[in-house]
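K.L.:
Could you have a look at this structure, given as structure tokens, before my questions?
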Amino acid sequence: METYLWITSVWGVYLALAVFIIGMGWRIYEWATTPKSAVRLGMFPKPATKTGRFFKMLKDTFIAPHSAKIEPAMWVFAFAFHVAALGAFVGHGRLIAEFPILPELLGHDGMNAFAAMSGSIAGVLMLVGVLFWIGRRTFGPYKSLSVPEDYLLLFLLFGVIVMGDHMRFVYGDIIHADTYRAWFQSLLTFKPMFPEKLLSGNVGWSLGTHMLFTDLFLIYFPFSKLVHTIGSFSSNRVRSE
Amino acid sequence: METVEMQTLAGVIDKKMNRQLKQYIDICARCAICKDACHQYVGTGDFKYLPARRAELIRQVYKKYFDKTGRFVPALYEARDPDDNLLDELYDSTYACTGCRRCMYYCPFSIDTAWILSVAKAVLIAAGRGNEMLGQLADAAIFKGDNVAMFEGVITSGFEEIAEEVRAITGNPDHGVPVNKQGADVLYVALAGAHSIRPAAVIFEEAGESWTISMFEAANYGYFYGDPEKARLITKRYIDEAVRLGVKEIVVPECGHAYRVAEFFYEAWSKEPMPFKVSHILEKVDDYIKTGRIKVDKGLIEGTVTYHDPCQLGRNGGKFEQPRDIVKAVTSNFVDLTPNRAEQWCCGGGGGIVAMEEFKDVRLKSGSKKVEQLKASGANILACPCENCRLQIEELNEIHELGMEIWQVIDLVVASMPLPGNKKSAGA
């Protein structure tokens with residue numbers, strides 16, 4: 001198991017982060033160095049001021065109100081997924097350092113309980129979102145429109161989430177953030193190590209598999225349609241030009 | 001098809017590439033939210049008309065030739081060559097698209113499928129598969145621009161006949177249709193046909209506007225065909241006339257794409273700033289009514305009136321309120337369609353599709369949402385400021401026995417003006 005962990009949760013992480021950062025930088029560079037269209041591609045209605053257009057871009061990107069109107073079910077699942085993913089991303093910040101203020105207010109155990117509850121909700125919401133998307137892509141025009149990239153991404157996301165949920169629901173009461181933090185901080189300081197707790201039980205397999213899917217997901221991210229995470233700001237701004 | 005030929009066609013995509021297009025290709029999640037926004041997909045249920053699918057064909061070629069990951073693992077993206085199969089589907093999905101951009105309105109990333117399809121048209125033209133009818137109409141317009149003397153006599157005598165009709169309506173012997181009047185403030189660029197000129201002339205003359213008309217019409221089949229150079233040359237005909245006549249303003253008629261071409265495209269095509277203000281005729285008419293330059297009487301139009309936002313004038317041109325204000329000024333019985341303004345359904349007749357007989361079936365099926373809207377409105381008169389929309393809706397009106405009258409907005413205005421020789425000027 002230790003070898004598996006070293007591959008997926010040490011060297012895999014370094015590789016994935018390097019590819020992700022360089023890949024995203026390359027993608028942004030490509031966009032930035034391609035000339036803009038000379039034709040104004042905006043549509044109406046659009047705010048008259050620059051500030052108004054900026055806030056409309058944020059609203060269109062984060063809320064997507066028009067999409068909500070035309071396909072509410074898709075919007076609900078997608079919105080829940082993205083909010084949960086954001087919550088999970090913020091929650092994983094505890095791997096770097098414990099949150100300020102909250103642990104003082106809730107206490108050590110209270111903080112772990114809060115993290116368990118919020119992490120569980122986020123994990124379930126993300127899983128439901130991905131299952132909805134997988135289901136949606138198995139019939140009708142959605143299936144016809146889908147290409148292998150769509151299924152690959154859903155498979156990787158499914159793996160990341162299921163293994164994350166596995167760690168949360170199976171080992172959540174035994175192993176808390178401080179254990180994972182010791183491992184993650186060792187990566188940040190380039191002195192990788194695994195706390196004994198991760199090596200002594202099966203949780204190591206869970207973490208290793210969670211990280212395997214995460215590594216693959218991050219490696220593929222800059223070369224996939226997931227670059228909409230940054231590109232949608234720009235494309236939604238063009239809407240109001 | 002030869003490999004070299006396919007490489008050349010793929011090269012067209014690279015040549016047309018710009019930042020927006022690249023981002024649209026890179027970020028589309030194929031979520032297909034756009035499917036319920038497209039009147040053609042909703043009306044036909046045919047997969048090839050699903051907006052994301054239309055764009056996907058260009059994406060597949062782009063991935064195969066120009067995207068590093070697409071070249072590395074083509075199967076992952078179903079990357080493919082622009083072979084005959086692809087071009088066959090691309091032709092149908094591209095030239096059938098009316099360019100309404102309703103899919104863009106609902107897309108969470110605001111992906112402009114019509115813009116992607118402008119590249120598709122360039123690919124098709126390069127492959128010798130551009131729509132023949134649109135190409136011929138564009139070439140004819142350019143020929144007319146180069147040989148205007150050949151047409152001048154016929155056109156001028158047509159203007160004289162219209163001037164007679166204008167005098168009969170207004171009862172003012174001084175009224176007419178000024179042609180190539182040097183130093184006029186406004187050049188009205190009409191559509192070919194008296195129906196586009198007569199009511200506008202009545203309104204301009206009654207408003208005391210300093211205006212003129214020239215030999216060139218606003219319709220632009222180069223734009224529909226998908227050749228920016230042809231489209232530029234067609235537009236340039238009346239831009240040059242406006243410069244020669246020294247006008248301050250160009251006014252385009254009740255035509256959706258003519259307004260968009262003049263206001264939004266020409267500067268980019270010509271790489272020069274537009275030297276005049278561009279207005280839509282309904283902006284002028286709204287102003288004339290609000291400032292009292294023309295008088296309208298609400299009691300002259302009988303029945304309930306509704307209004308259709310042409311996509312190029314509304315969602316893509318930003319003219320939502322002035323046309324409504326005009327209609328509300330001439331009738332007390334106005335009902336809006338649902339949905340309306342930016343969410344208005346495309347009627348199915350834009351993008352030059354009414355000129356392409358081969359798409360008649362899909363065009364009529366794609367009008368199903370418009371028919372539902374019109375029926376639900378309970379109106380018996382439709383005001384519609386776009387020629388292509390009117391042609392389509394008139395056909396839908398007949399097929400579905402809606403019993404509606406389809407009018408130009410300026411015809412409604414003239415019919416509601418207390419003029420001695422007034423009579424309903426049929427817009428239908």
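Labels for the structure tokens follow display order: chains A, B, ..., residues from 1 in each chain, ligands from 1.
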What's the 12 Å shell around range 176-178 of chain A, counting only C-alpha atoms, without same-chain residues fewer than 3 positions away, as a ChimeraX atom specification?
P.N.:
/A:91-99,108-116,119,167-173,181-185,195,197-198,203
K.L.:
Since we have the selection now, will you write its residues out, keeping N, CA, C and O atoms, as a short mmCIF file (atom, residue, chain, number, x, y, z; two decimals), in the first residue's frame?
P.N.:
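Output below, filename result10.cif:
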```
data_model
loop_
_atom_site.label_atom_id
_atom_site.label_comp_id
_atom_site.auth_asym_id
_atom_site.auth_seq_id
_atom_site.Cartn_x
_atom_site.Cartn_y
_atom_site.Cartn_z
N GLY A 91 -13.22 23.42 1.77
CA GLY A 91 -13.02 22.50 2.88
C GLY A 91 -11.65 21.82 2.83
O GLY A 91 -11.02 21.60 3.86
N HIS A 92 -11.19 21.52 1.61
CA HIS A 92 -9.87 20.90 1.47
C HIS A 92 -8.75 21.87 1.85
O HIS A 92 -7.60 21.45 1.97
N GLY A 93 -9.12 23.13 2.03
CA GLY A 93 -8.14 24.10 2.52
C GLY A 93 -7.61 23.72 3.89
O GLY A 93 -6.49 24.12 4.27
N ARG A 94 -8.37 22.92 4.61
CA ARG A 94 -7.90 22.45 5.93
C ARG A 94 -6.67 21.55 5.82
O ARG A 94 -5.99 21.29 6.80
N LEU A 95 -6.41 21.07 4.61
CA LEU A 95 -5.20 20.26 4.41
C LEU A 95 -3.95 21.14 4.49
O LEU A 95 -2.86 20.66 4.80
N ILE A 96 -4.12 22.40 4.18
CA ILE A 96 -2.97 23.31 4.22
C ILE A 96 -2.81 23.87 5.63
O ILE A 96 -1.72 23.84 6.20
N ALA A 97 -3.89 24.40 6.17
CA ALA A 97 -3.86 24.93 7.54
C ALA A 97 -5.27 24.90 8.10
O ALA A 97 -6.24 25.01 7.34
N GLU A 98 -5.39 24.74 9.39
CA GLU A 98 -6.70 24.75 10.03
C GLU A 98 -7.34 26.12 9.81
O GLU A 98 -6.65 27.15 9.77
N PHE A 99 -8.66 26.13 9.61
CA PHE A 99 -9.37 27.40 9.40
C PHE A 99 -9.19 28.31 10.60
O PHE A 99 -9.10 27.83 11.75
N HIS A 108 -12.37 21.77 19.09
CA HIS A 108 -11.73 20.80 18.21
C HIS A 108 -12.72 19.76 17.69
O HIS A 108 -12.84 19.51 16.49
N ASP A 109 -13.49 19.18 18.61
CA ASP A 109 -14.46 18.16 18.22
C ASP A 109 -15.59 18.76 17.40
O ASP A 109 -16.09 18.16 16.44
N GLY A 110 -16.00 19.94 17.82
CA GLY A 110 -17.09 20.62 17.12
C GLY A 110 -16.69 20.94 15.68
O GLY A 110 -17.50 20.80 14.75
N MET A 111 -15.43 21.34 15.52
CA MET A 111 -14.94 21.64 14.18
C MET A 111 -14.94 20.39 13.31
O MET A 111 -15.36 20.41 12.15
N ASN A 112 -14.50 19.28 13.89
CA ASN A 112 -14.50 18.02 13.14
C ASN A 112 -15.92 17.58 12.78
O ASN A 112 -16.17 17.08 11.69
N ALA A 113 -16.84 17.83 13.73
CA ALA A 113 -18.24 17.46 13.46
C ALA A 113 -18.81 18.33 12.36
O ALA A 113 -19.54 17.85 11.47
N PHE A 114 -18.47 19.64 12.42
CA PHE A 114 -18.95 20.56 11.39
C PHE A 114 -18.40 20.16 10.02
O PHE A 114 -19.12 20.13 9.02
N ALA A 115 -17.09 19.84 10.01
CA ALA A 115 -16.46 19.44 8.74
C ALA A 115 -17.09 18.15 8.23
O ALA A 115 -17.31 17.99 7.02
N ALA A 116 -17.40 17.24 9.16
CA ALA A 116 -18.00 15.97 8.76
C ALA A 116 -19.36 16.21 8.11
O ALA A 116 -19.69 15.64 7.06
N GLY A 119 -18.94 18.40 4.83
CA GLY A 119 -18.27 17.57 3.82
C GLY A 119 -19.18 16.48 3.30
O GLY A 119 -19.18 16.17 2.10
N MET A 167 -13.98 7.94 2.03
CA MET A 167 -13.14 8.37 3.15
C MET A 167 -13.96 9.10 4.20
O MET A 167 -13.76 8.94 5.40
N ARG A 168 -14.92 9.89 3.73
CA ARG A 168 -15.75 10.67 4.65
C ARG A 168 -16.66 9.77 5.47
O ARG A 168 -16.72 9.86 6.70
N PHE A 169 -17.36 8.85 4.80
CA PHE A 169 -18.39 8.09 5.49
C PHE A 169 -17.86 6.85 6.21
O PHE A 169 -18.42 6.41 7.20
N VAL A 170 -16.75 6.27 5.72
CA VAL A 170 -16.24 5.05 6.34
C VAL A 170 -15.20 5.38 7.42
O VAL A 170 -15.21 4.80 8.51
N TYR A 171 -14.33 6.33 7.11
CA TYR A 171 -13.25 6.61 8.05
C TYR A 171 -13.39 7.97 8.73
O TYR A 171 -12.50 8.39 9.46
N GLY A 172 -14.51 8.67 8.47
CA GLY A 172 -14.68 10.02 8.97
C GLY A 172 -14.59 10.14 10.48
O GLY A 172 -14.15 11.18 11.00
N ASP A 173 -15.02 9.09 11.19
CA ASP A 173 -15.00 9.17 12.67
C ASP A 173 -13.64 8.80 13.23
O ASP A 173 -13.36 9.02 14.41
N ARG A 181 -3.61 16.52 7.04
CA ARG A 181 -2.82 17.76 6.94
C ARG A 181 -1.33 17.45 7.07
O ARG A 181 -0.50 18.04 6.37
N ALA A 182 -1.00 16.54 7.95
CA ALA A 182 0.42 16.19 8.14
C ALA A 182 1.00 15.66 6.82
O ALA A 182 2.11 16.02 6.42
N TRP A 183 0.20 14.82 6.15
CA TRP A 183 0.65 14.29 4.84
C TRP A 183 0.77 15.41 3.81
O TRP A 183 1.78 15.55 3.13
N PHE A 184 -0.28 16.26 3.73
CA PHE A 184 -0.31 17.27 2.66
C PHE A 184 0.75 18.34 2.88
O PHE A 184 1.40 18.80 1.94
N GLN A 185 0.95 18.71 4.16
CA GLN A 185 1.98 19.72 4.43
C GLN A 185 3.37 19.17 4.09
O GLN A 185 4.24 19.92 3.67
N PRO A 195 1.66 9.83 7.72
CA PRO A 195 1.45 9.52 9.13
C PRO A 195 1.10 8.04 9.31
O PRO A 195 0.45 7.46 8.42
N LYS A 197 -1.09 6.58 10.93
CA LYS A 197 -2.53 6.29 10.87
C LYS A 197 -3.00 5.95 9.45
O LYS A 197 -3.93 5.18 9.25
N LEU A 198 -2.36 6.60 8.48
CA LEU A 198 -2.76 6.36 7.09
C LEU A 198 -2.19 5.04 6.56
O LEU A 198 -2.73 4.46 5.62
N VAL A 203 -7.56 2.83 5.19
CA VAL A 203 -7.81 4.19 4.73
C VAL A 203 -6.78 4.62 3.69
O VAL A 203 -7.06 5.43 2.80
#
```
K.L.:
Taking only C-alpha atoms into account, report as a PyMOL selection string which residues of chain B lie within 6 Å of chain A.
P.N.:
chain B and resi 18-19+26-27+29+76-77+106+108-110+265+268+315-316+318
K.L.:
From a backbone DSSP assignment, name each residue in range 16-113 of chain B labelled alpha helix (DSSP H), as an MDAnalysis selection string.
P.N.:
chainID B and resid 16 19:27 39:44 51:66 68:72 74:77 84:96 102:106 113
K.L.:
Which residue out of B:Thr331, B:Thr170, B:Gln60, B:Gln20 has the minimum interatomic distance to Leu412 in chain B when only C-alpha atoms are used?
P.N.:
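Using only C-alpha atoms, the shortest distance to Leu412 in chain B belongs to B:Thr331.
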K.L.:
Quote the spacing between CA of Ile203 in chain B and CA of Met215 in chain B in Å to one decimal place.
P.N.:
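Separation of CA of Ile203 in chain B and CA of Met215 in chain B: 19.8 Å.
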K.L.:
In Å, rounded to a single decimal, give me how far CA of Pro339 in chain B is from CA of Pro47 in chain A.
P.N.:
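It comes out at 20.9 Å.
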K.L.:
One decimal, in Å: what's the spacing between CA of His400 in chain B and CA of Lys365 in chain B?
P.N.:
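Rounded to one decimal, the two atoms are 11.2 Å apart.
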K.L.:
Could you name the residues that touch range 236-250 of chain B at 9 Å or less, counting only C-alpha atoms, but leaving out those on the same chain fewer than 6 positions away, as a VMD selection string?
P.N.:
chain B and resid 142 145 to 146 180 to 189 211 to 212 214 to 218 262 266 270 274 to 280
K.L.:
When you look at Ala55 in chain B with a cut-off of 8 Å (counting only C-alpha atoms), what residues show up, excluding the ones that are within fewer than 3 positions of it in the same chain? I need them as a JSON list (two decimals) with N, CA, C and O atoms, in the first residue's frame.
P.N.:
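Written output follows (result.json):
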```
[["chain", "number", "residue", "atom", "x", "y", "z"],
["B", 25, "ILE", "N", -15.15, 26.99, -28.94],
["B", 25, "ILE", "CA", -14.81, 25.60, -29.27],
["B", 25, "ILE", "C", -14.25, 24.88, -28.05],
["B", 25, "ILE", "O", -14.58, 23.72, -27.78],
["B", 51, "PRO", "N", -28.31, 23.02, -31.67],
["B", 51, "PRO", "CA", -27.22, 23.99, -31.84],
["B", 51, "PRO", "C", -25.83, 23.44, -31.50],
["B", 51, "PRO", "O", -24.87, 23.64, -32.25],
["B", 52, "ALA", "N", -25.71, 22.75, -30.38],
["B", 52, "ALA", "CA", -24.38, 22.24, -30.00],
["B", 52, "ALA", "C", -23.87, 21.23, -31.02],
["B", 52, "ALA", "O", -22.66, 21.11, -31.22],
["B", 58, "ILE", "N", -17.75, 21.60, -36.56],
["B", 58, "ILE", "CA", -16.56, 22.45, -36.73],
["B", 58, "ILE", "C", -15.52, 22.10, -35.67],
["B", 58, "ILE", "O", -14.32, 22.03, -35.93],
["B", 59, "ARG", "N", -16.02, 21.83, -34.45],
["B", 59, "ARG", "CA", -15.10, 21.47, -33.36],
["B", 59, "ARG", "C", -14.34, 20.19, -33.69],
["B", 59, "ARG", "O", -13.14, 20.09, -33.44],
["B", 113, "THR", "N", -23.38, 30.16, -31.36],
["B", 113, "THR", "CA", -23.35, 29.11, -32.39],
["B", 113, "THR", "C", -23.38, 29.72, -33.79],
["B", 113, "THR", "O", -22.72, 29.21, -34.71],
["B", 116, "ILE", "N", -19.97, 30.50, -34.87],
["B", 116, "ILE", "CA", -19.24, 29.28, -35.28],
["B", 116, "ILE", "C", -19.70, 28.87, -36.67],
["B", 116, "ILE", "O", -18.90, 28.45, -37.52],
["B", 117, "LEU", "N", -20.99, 29.04, -36.94],
["B", 117, "LEU", "CA", -21.51, 28.65, -38.25],
["B", 117, "LEU", "C", -21.07, 29.61, -39.36],
["B", 117, "LEU", "O", -21.11, 29.25, -40.54]]
```
K.L.:
Can you list, as a list of chain:residue names, every residue of range 160-364 of chain B that DSSP puts in strand (DSSP E or B)?
P.N.:
B:Val179, B:Val186, B:Leu187, B:Tyr188, B:Trp211, B:Thr212, B:Ile213, B:Glu249, B:Ile250, B:Val251, B:Val252, B:Lys277, B:Val278, B:Ser279, B:His280, B:Val305, B:Thr306, B:Tyr307, B:Phe334
K.L.:
List the spatial neighbours of Val371 in chain B as JSON, numbers by chain - criterion: any atom at most 10 Å away, only C-alpha atoms, same-chain residues fewer than 4 positions off excluded.
P.N.:
{"B": [347, 366, 367, 375, 376, 377, 393, 396, 397, 400, 401, 402]}
K.L.:
Store the residues picked out above in a file with N, CA and C atoms, as a PDB file, in the first residue's frame.
P.N.:
```pdb
ATOM      1  N   CYS B 347     -39.171  33.100 -35.737  1.00  0.00           N
ATOM      2  CA  CYS B 347     -40.302  32.635 -36.542  1.00  0.00           C
ATOM      3  C   CYS B 347     -39.885  31.473 -37.444  1.00  0.00           C
ATOM      4  N   SER B 366     -40.340  24.440 -38.303  1.00  0.00           N
ATOM      5  CA  SER B 366     -39.684  25.194 -37.232  1.00  0.00           C
ATOM      6  C   SER B 366     -40.501  26.414 -36.810  1.00  0.00           C
ATOM      7  N   GLY B 367     -41.581  26.677 -37.523  1.00  0.00           N
ATOM      8  CA  GLY B 367     -42.453  27.787 -37.122  1.00  0.00           C
ATOM      9  C   GLY B 367     -43.491  27.381 -36.090  1.00  0.00           C
ATOM     10  N   LYS B 375     -51.379  31.977 -31.745  1.00  0.00           N
ATOM     11  CA  LYS B 375     -52.703  31.493 -31.347  1.00  0.00           C
ATOM     12  C   LYS B 375     -53.028  31.932 -29.915  1.00  0.00           C
ATOM     13  N   ALA B 376     -52.039  31.792 -29.039  1.00  0.00           N
ATOM     14  CA  ALA B 376     -52.255  32.106 -27.623  1.00  0.00           C
ATOM     15  C   ALA B 376     -52.490  33.594 -27.397  1.00  0.00           C
ATOM     16  N   SER B 377     -51.999  34.419 -28.299  1.00  0.00           N
ATOM     17  CA  SER B 377     -52.125  35.868 -28.095  1.00  0.00           C
ATOM     18  C   SER B 377     -53.566  36.346 -28.267  1.00  0.00           C
ATOM     19  N   ILE B 393     -44.173  34.132 -41.666  1.00  0.00           N
ATOM     20  CA  ILE B 393     -45.393  34.114 -40.844  1.00  0.00           C
ATOM     21  C   ILE B 393     -46.643  34.139 -41.730  1.00  0.00           C
ATOM     22  N   LEU B 396     -47.128  30.596 -42.587  1.00  0.00           N
ATOM     23  CA  LEU B 396     -47.640  29.868 -41.414  1.00  0.00           C
ATOM     24  C   LEU B 396     -49.107  30.219 -41.182  1.00  0.00           C
ATOM     25  N   ASN B 397     -49.407  31.490 -41.369  1.00  0.00           N
ATOM     26  CA  ASN B 397     -50.768  31.999 -41.196  1.00  0.00           C
ATOM     27  C   ASN B 397     -51.745  31.250 -42.103  1.00  0.00           C
ATOM     28  N   HIS B 400     -51.723  27.211 -41.207  1.00  0.00           N
ATOM     29  CA  HIS B 400     -52.362  26.891 -39.916  1.00  0.00           C
ATOM     30  C   HIS B 400     -53.701  27.613 -39.744  1.00  0.00           C
ATOM     31  N   GLU B 401     -54.126  28.302 -40.808  1.00  0.00           N
ATOM     32  CA  GLU B 401     -55.417  29.015 -40.800  1.00  0.00           C
ATOM     33  C   GLU B 401     -55.585  29.867 -39.542  1.00  0.00           C
ATOM     34  N   LEU B 402     -54.614  30.730 -39.328  1.00  0.00           N
ATOM     35  CA  LEU B 402     -54.641  31.577 -38.127  1.00  0.00           C
ATOM     36  C   LEU B 402     -55.579  32.764 -38.303  1.00  0.00           C
TER      37      LEU B 402
END
```
K.L.:
With distances taken over only C-alpha atoms, which residue among B:Gly222, B:Pro385, B:Gly158, B:Gly256 lies nearest Ile410 in chain B?
P.N.:
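Among the listed residues, B:Pro385 lies closest to Ile410 in chain B.
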K.L.:
Report as a list of chain:residue names all protein, DNA and RNA residues lying within 12 Å of Leu137 in chain B, evaluated on only C-alpha atoms, omitting residues in the same chain fewer than 4 positions from it.
P.N.:
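The residues satisfying every condition are B:Asn131, B:Glu132, B:Met133, B:Ala141, B:Ile142, B:Phe143, B:Lys144, B:Ala219, B:Asn220, B:Tyr221, B:Gly222, B:Tyr223, B:Phe224, B:Tyr225, B:Lys230, B:Ala231, B:Ile234, B:Gly352, B:Ala355, B:Met356.
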